[in-house]
Amino acid sequence: MMLPEEFKGRMQTMLGEEYAAFAESCQLECAHALRLNARKVDVESFLKKSPFSLRPVPWAENGYYYAAKDAPGRHPYHEAGVYYIQEPSAMAPVEYLDVQPGERVLDLCAAPGGKSTQIAAKLKEKGILICNEIHPQRAKILSENIERMGIGNAIVTNEAPGRLAEAFAGYFDKILVDAPCSGEGMFRKNEAACMEWSVHNILLCAERQDEILSHAARMLRPGGRIVYSTCTFAPEENEGSVSRFLKKFPAFSVRAAAKKKGMSDGNPSWAKDADERVGHAIRLFPHRICGEGHFLAVLELCEGAGEDRSAPCRMESGMSKKHVGLWREFCRQNIIEEPEGIYLAFGGQIYLAPEQTPSLKGLKTLRPGLHLGTEKKNRFEPSHALALFLHADAAVRRLDLPSDGQEIRNYLNGEMILSEGEKGWHLITTDGYTIGWGKRADGKMKNHYPKGLRKMI
């Protein structure tokens with residue numbers, strides 16, 4: 001890979017005698033990792049029978065490196081949401097966000113969803129997670145990944161940060177700002193980022209980051225925490241962005257966080273007019289750790305700071321008696337216990353929002369909670385999201401298809417399954433992990449795996 005000359009010159013200045021090792025690391029193969037979904041798996045038990053060669057990512061709970069030959073993206077477990085394939089360095093920012101169950105958390109620049117699903121795991125199904133992505137197509141991918149991981153307490157919005165700031169002043173306990181950046185840390189993983197690199201783009205990114213951070217500051221409660229992260233080495237977007245933020249918002253401080261082996265300190269001397277406190281930030285360099293380039297800083301707002309901050313109105317239930325009746329009749333016949341939350345209906349689509357969900361009025365919302373299903377001709381048809389959300393023992397009837405057999409592959413390709421037994425909806429599982437729905441009649445299990453997800457594996 002040919003690195004841009006100006007980039008190489010700047011990195012030589014930054015790293016000095018370490019530059020040779022850095023340049024060599026840029027030519028090596030990327031590390032591969034996944035994060036196990038503790039909502040679906042008992043991690044200790046999974047590791048004993050894992051079909052992959054796994055070793056821990058030092059800084060990430062339930063994060064594991066795997067060998068490229070393992071190809072976990074082509075295993076049925078991937079479609080069941082057993083894990084999320086995620087670049088190892090990208091797992092670090094959420095660990096420093098220190099999310100606790102029951103908190104209100106915002107992932108402001110959330111697509112494709114790796115960090116959002118990591119936050120959801122920390123919440124342990126308690127609290128509220130709002131995942132936002134400004135680009136519509138990327139927001140759709142984000143929503144699909146939230147669904148695949150079986151997350152019920154996440155809301156996906158497609159808004160500009162400023163619009164969210166108007167609605168959620170002082171609302172969140174924790175905010176992740178994984179900011180759009182020049183992507184220097186991903187050069188060896190994404191050669192297009194290397195080809196598109198320019199000093200001009202770095203300055204544009206830095207300007208955009210300043211704006212996003214300003215909106216995030218408005219949405220944080222006093223005593224709350226923002227983790228700002230990028231996947232670039234550029235000081236203008238890292239130490240520079242944090243320094244400009246601290247100057248504009250003096251009630252914030254940079255928390256000195258414990259570093260794992262191989263992590264580096266931020267360096268105030270690398271950015272113009274930098275605040276000395278950016279030395280508490282964390283840098284990940286590919287020649288020092290097994291992962292790509294990353295930067296993060298933990299920003300905390302002091303208690304008692306800021307304006308009067310009131311929470312938005314609570315979301316009200318929006319289900320007609322007809323929708324309630326259809327849903328509850330489905331539950332009575334097919335699900336052991338009805339999940340709790342706020343029921344909503346949009347057209348024929350029925351959702352379950354988390355308790356205490358704030359009003360989303362006026363906001364572009366792709367997913368106002370868990371999609372339960374659809375009203376079709378006065379009957380209820382369960383959603384794929386509901387299947388992935390449920391645990392295997394939550395269904396009245398289920399059919400398990402072993403992950404190493406041909407039947408599960410036939411199912412994921414949309415084929416009908418020959419199956420004798422009780423009529424009605426069945427939750428389909430693979431090795432006990434929920435993966436979709438089937439409906440049995442006349443010795444056949446009609447396949448309800450979504451057509452848009454069917455693929456040869």
# chains A, B, ... in the order shown; residues from 1 in each chain; ligands from 1

$ residues_around --residues "Ala234 in chain A" --least-positions-apart "3" --cutoff "8 Å" --atoms "only C-alpha atoms" --output "PyMOL selection string"
chain A and resi 182+184+202+237-238

$ residues_around --residues "Tyr83 in chain A" --least-positions-apart "4" --cutoff "7 Å" --atoms "only C-alpha atoms" --output "list in words"
Leu34, Arg35, Leu36, Asn37 and His78 of chain A

$ atom_distance --atom1 "CA of Phe22 in chain A" --atom2 "CA of Thr230 in chain A"
18.3 Å

$ residues_around --residues "range 27-29 of chain A" --least-positions-apart "2" --cutoff "9 Å" --atoms "only C-alpha atoms" --output "ChimeraX atom specification"
/A:1,23-25,31,188-189

$ write_last_selection --atoms "N, CA and C atoms" --output "PDB file, in the first residue's frame"
ATOM      1  N   MET A   1       0.845  -1.196   0.000  1.00  0.00           N
ATOM      2  CA  MET A   1       0.000   0.000   0.000  1.00  0.00           C
ATOM      3  C   MET A   1       0.883   1.248   0.000  1.00  0.00           C
ATOM      4  N   ALA A  23       5.355   2.184   9.875  1.00  0.00           N
ATOM      5  CA  ALA A  23       5.258   2.004   8.423  1.00  0.00           C
ATOM      6  C   ALA A  23       5.198   0.522   8.065  1.00  0.00           C
ATOM      7  N   GLU A  24       5.967  -0.284   8.773  1.00  0.00           N
ATOM      8  CA  GLU A  24       5.949  -1.730   8.525  1.00  0.00           C
ATOM      9  C   GLU A  24       4.581  -2.315   8.874  1.00  0.00           C
ATOM     10  N   SER A  25       3.983  -1.856   9.983  1.00  0.00           N
ATOM     11  CA  SER A  25       2.675  -2.379  10.404  1.00  0.00           C
ATOM     12  C   SER A  25       1.593  -2.064   9.375  1.00  0.00           C
ATOM     13  N   ALA A  31      -5.968  -7.333  11.752  1.00  0.00           N
ATOM     14  CA  ALA A  31      -6.461  -8.282  12.761  1.00  0.00           C
ATOM     15  C   ALA A  31      -7.957  -8.464  12.577  1.00  0.00           C
ATOM     16  N   ARG A 188      -4.909   0.474   6.047  1.00  0.00           N
ATOM     17  CA  ARG A 188      -4.573  -0.884   5.589  1.00  0.00           C
ATOM     18  C   ARG A 188      -5.828  -1.749   5.458  1.00  0.00           C
ATOM     19  N   LYS A 189      -6.912  -1.349   6.097  1.00  0.00           N
ATOM     20  CA  LYS A 189      -8.171  -2.084   5.989  1.00  0.00           C
ATOM     21  C   LYS A 189      -9.019  -1.570   4.835  1.00  0.00           C
TER      22      LYS A 189
END

$ select_by_dssp --residues "range 134-356 of chain A" --states "alpha helix (DSSP H)" --output "JSON, numbers by chain"
{"A": [136, 137, 138, 139, 140, 141, 142, 143, 144, 145, 146, 147, 148, 161, 162, 163, 164, 165, 166, 167, 191, 192, 193, 194, 195, 199, 200, 201, 202, 203, 204, 205, 206, 207, 208, 209, 210, 211, 212, 213, 214, 215, 216, 217, 218, 219, 239, 240, 241, 242, 243, 244, 245, 246, 247, 248, 321, 322, 323, 324, 325, 326, 327, 328, 329, 330, 331, 332, 333, 334]}

$ residues_around --residues "Arg409 in chain A" --least-positions-apart "2" --cutoff "12 Å" --atoms "only C-alpha atoms" --output "list in words"
Arg74, His75, Pro76, Tyr77, Glu79, Leu401, Pro402, Ser403, Asp404, Gly405, Gln406, Glu407, Tyr411, Leu412, Asn413, Gly414, Glu415, Met416, Ile417, Thr430, Ile435, Tyr449, Arg454, Lys455, Met456 and Ile457 of chain A

$ write_last_selection --atoms "C-alpha atoms" --output "PDB file, in the first residue's frame"
ATOM      1  CA  ARG A  74     -20.586 -17.303   6.763  1.00  0.00           C
ATOM      2  CA  HIS A  75     -21.640 -19.337   9.797  1.00  0.00           C
ATOM      3  CA  PRO A  76     -25.335 -19.627  10.805  1.00  0.00           C
ATOM      4  CA  TYR A  77     -24.402 -18.161  14.185  1.00  0.00           C
ATOM      5  CA  GLU A  79     -27.419 -14.682  11.219  1.00  0.00           C
ATOM      6  CA  LEU A 401     -31.770 -27.059  13.227  1.00  0.00           C
ATOM      7  CA  PRO A 402     -28.135 -27.929  14.043  1.00  0.00           C
ATOM      8  CA  SER A 403     -25.643 -25.346  12.799  1.00  0.00           C
ATOM      9  CA  ASP A 404     -23.494 -27.975  11.062  1.00  0.00           C
ATOM     10  CA  GLY A 405     -26.397 -29.514   9.121  1.00  0.00           C
ATOM     11  CA  GLN A 406     -27.834 -28.857   5.685  1.00  0.00           C
ATOM     12  CA  GLU A 407     -31.333 -28.021   6.979  1.00  0.00           C
ATOM     13  CA  TYR A 411     -33.747 -22.501   5.854  1.00  0.00           C
ATOM     14  CA  LEU A 412     -31.453 -19.468   5.487  1.00  0.00           C
ATOM     15  CA  ASN A 413     -31.772 -19.821   1.715  1.00  0.00           C
ATOM     16  CA  GLY A 414     -35.562 -19.626   2.011  1.00  0.00           C
ATOM     17  CA  GLU A 415     -36.416 -23.252   1.346  1.00  0.00           C
ATOM     18  CA  MET A 416     -39.387 -25.066   2.853  1.00  0.00           C
ATOM     19  CA  ILE A 417     -38.683 -27.702   5.520  1.00  0.00           C
ATOM     20  CA  THR A 430     -29.860 -23.286  15.539  1.00  0.00           C
ATOM     21  CA  ILE A 435     -32.832 -17.263  14.134  1.00  0.00           C
ATOM     22  CA  TYR A 449     -36.990 -16.071   6.932  1.00  0.00           C
ATOM     23  CA  ARG A 454     -31.640 -15.018   2.291  1.00  0.00           C
ATOM     24  CA  LYS A 455     -28.236 -16.014   0.994  1.00  0.00           C
ATOM     25  CA  MET A 456     -26.130 -19.041   0.212  1.00  0.00           C
ATOM     26  CA  ILE A 457     -23.909 -19.955   3.147  1.00  0.00           C
TER      27      ILE A 457
END

$ closest_atom_pairs --of "range 272-376 of chain A" --to "range 254-260 of chain A" --cutoff "6 Å" --atoms "only C-alpha atoms" --output "CSV"
residue,atom,partner,partner_atom,distance
A:His280,CA,A:Ala256,CA,4.8
A:Val298,CA,A:Arg255,CA,5.4
A:Leu299,CA,A:Val254,CA,4.7

$ atom_distance --atom1 "CA of Trp59 in chain A" --atom2 "CA of Glu87 in chain A"
12.3 Å

$ closest_residue --among "A:Pro358, A:Gly152, A:Leu372, A:Pro58" --to "Ala345 in chain A" --atoms "only C-alpha atoms"
A:Leu372

$ residues_around --residues "Ile175 in chain A" --least-positions-apart "6" --cutoff "9 Å" --atoms "only C-alpha atoms" --output "PDB file with N, CA and C atoms, in the first residue's frame"
ATOM      1  N   LEU A  97     -16.734   4.324  27.965  1.00  0.00           N
ATOM      2  CA  LEU A  97     -17.978   5.058  28.207  1.00  0.00           C
ATOM      3  C   LEU A  97     -18.572   4.670  29.563  1.00  0.00           C
ATOM      4  N   ARG A 104     -29.587   6.224  30.369  1.00  0.00           N
ATOM      5  CA  ARG A 104     -30.048   6.742  29.083  1.00  0.00           C
ATOM      6  C   ARG A 104     -28.810   7.107  28.264  1.00  0.00           C
ATOM      7  N   VAL A 105     -28.636   6.424  27.138  1.00  0.00           N
ATOM      8  CA  VAL A 105     -27.400   6.519  26.380  1.00  0.00           C
ATOM      9  C   VAL A 105     -27.712   6.894  24.928  1.00  0.00           C
ATOM     10  N   LEU A 106     -26.856   7.728  24.362  1.00  0.00           N
ATOM     11  CA  LEU A 106     -26.963   8.132  22.951  1.00  0.00           C
ATOM     12  C   LEU A 106     -25.693   7.743  22.219  1.00  0.00           C
ATOM     13  N   ASP A 107     -25.845   7.046  21.101  1.00  0.00           N
ATOM     14  CA  ASP A 107     -24.761   6.830  20.143  1.00  0.00           C
ATOM     15  C   ASP A 107     -25.071   7.755  18.980  1.00  0.00           C
ATOM     16  N   LEU A 108     -24.344   8.862  18.909  1.00  0.00           N
ATOM     17  CA  LEU A 108     -24.741   9.964  18.030  1.00  0.00           C
ATOM     18  C   LEU A 108     -24.423   9.717  16.561  1.00  0.00           C
ATOM     19  N   ALA A 216     -23.542  17.469  21.090  1.00  0.00           N
ATOM     20  CA  ALA A 216     -23.507  16.436  22.118  1.00  0.00           C
ATOM     21  C   ALA A 216     -23.462  17.058  23.509  1.00  0.00           C
ATOM     22  N   ALA A 217     -22.697  18.117  23.670  1.00  0.00           N
ATOM     23  CA  ALA A 217     -22.571  18.776  24.975  1.00  0.00           C
ATOM     24  C   ALA A 217     -23.931  19.250  25.483  1.00  0.00           C
ATOM     25  N   MET A 219     -26.737  17.866  25.067  1.00  0.00           N
ATOM     26  CA  MET A 219     -27.624  16.750  25.397  1.00  0.00           C
ATOM     27  C   MET A 219     -27.190  15.968  26.632  1.00  0.00           C
ATOM     28  N   LEU A 220     -26.050  16.333  27.223  1.00  0.00           N
ATOM     29  CA  LEU A 220     -25.529  15.577  28.365  1.00  0.00           C
ATOM     30  C   LEU A 220     -26.013  16.189  29.680  1.00  0.00           C
ATOM     31  N   GLY A 224     -22.547  13.831  33.648  1.00  0.00           N
ATOM     32  CA  GLY A 224     -22.515  12.795  32.622  1.00  0.00           C
ATOM     33  C   GLY A 224     -21.181  12.713  31.901  1.00  0.00           C
ATOM     34  N   ARG A 225     -21.099  11.775  30.969  1.00  0.00           N
ATOM     35  CA  ARG A 225     -19.839  11.495  30.276  1.00  0.00           C
ATOM     36  C   ARG A 225     -20.046  11.379  28.773  1.00  0.00           C
ATOM     37  N   ILE A 226     -19.151  12.006  28.022  1.00  0.00           N
ATOM     38  CA  ILE A 226     -19.047  11.828  26.576  1.00  0.00           C
ATOM     39  C   ILE A 226     -17.727  11.127  26.287  1.00  0.00           C
ATOM     40  N   VAL A 227     -17.761  10.107  25.450  1.00  0.00           N
ATOM     41  CA  VAL A 227     -16.519   9.568  24.898  1.00  0.00           C
ATOM     42  C   VAL A 227     -16.469   9.984  23.438  1.00  0.00           C
ATOM     43  N   TYR A 228     -15.411  10.727  23.114  1.00  0.00           N
ATOM     44  CA  TYR A 228     -15.168  11.167  21.738  1.00  0.00           C
ATOM     45  C   TYR A 228     -14.115  10.248  21.138  1.00  0.00           C
TER      46      TYR A 228
END

$ atom_distance --atom1 "CA of Ala110 in chain A" --atom2 "CA of Asp98 in chain A"
17.2 Å

$ closest_residue --among "A:Ser198, A:Thr434, A:Ser383, A:Gln333" --to "Leu3 in chain A" --atoms "only C-alpha atoms"
A:Ser198

$ closest_residue --among "A:Ala206, A:Ala387, A:Met2, A:Ala90" --to "Cys290 in chain A" --atoms "only C-alpha atoms"
A:Ala90

$ residues_around --residues "Lys377 in chain A" --least-positions-apart "5" --cutoff "12 Å" --atoms "only C-alpha atoms" --output "ChimeraX atom specification"
/A:322-323,326,348

$ closest_residue --among "A:Ser45, A:Gln100, A:Gln86, A:Gln209" --to "Pro112 in chain A" --atoms "only C-alpha atoms"
A:Gln86
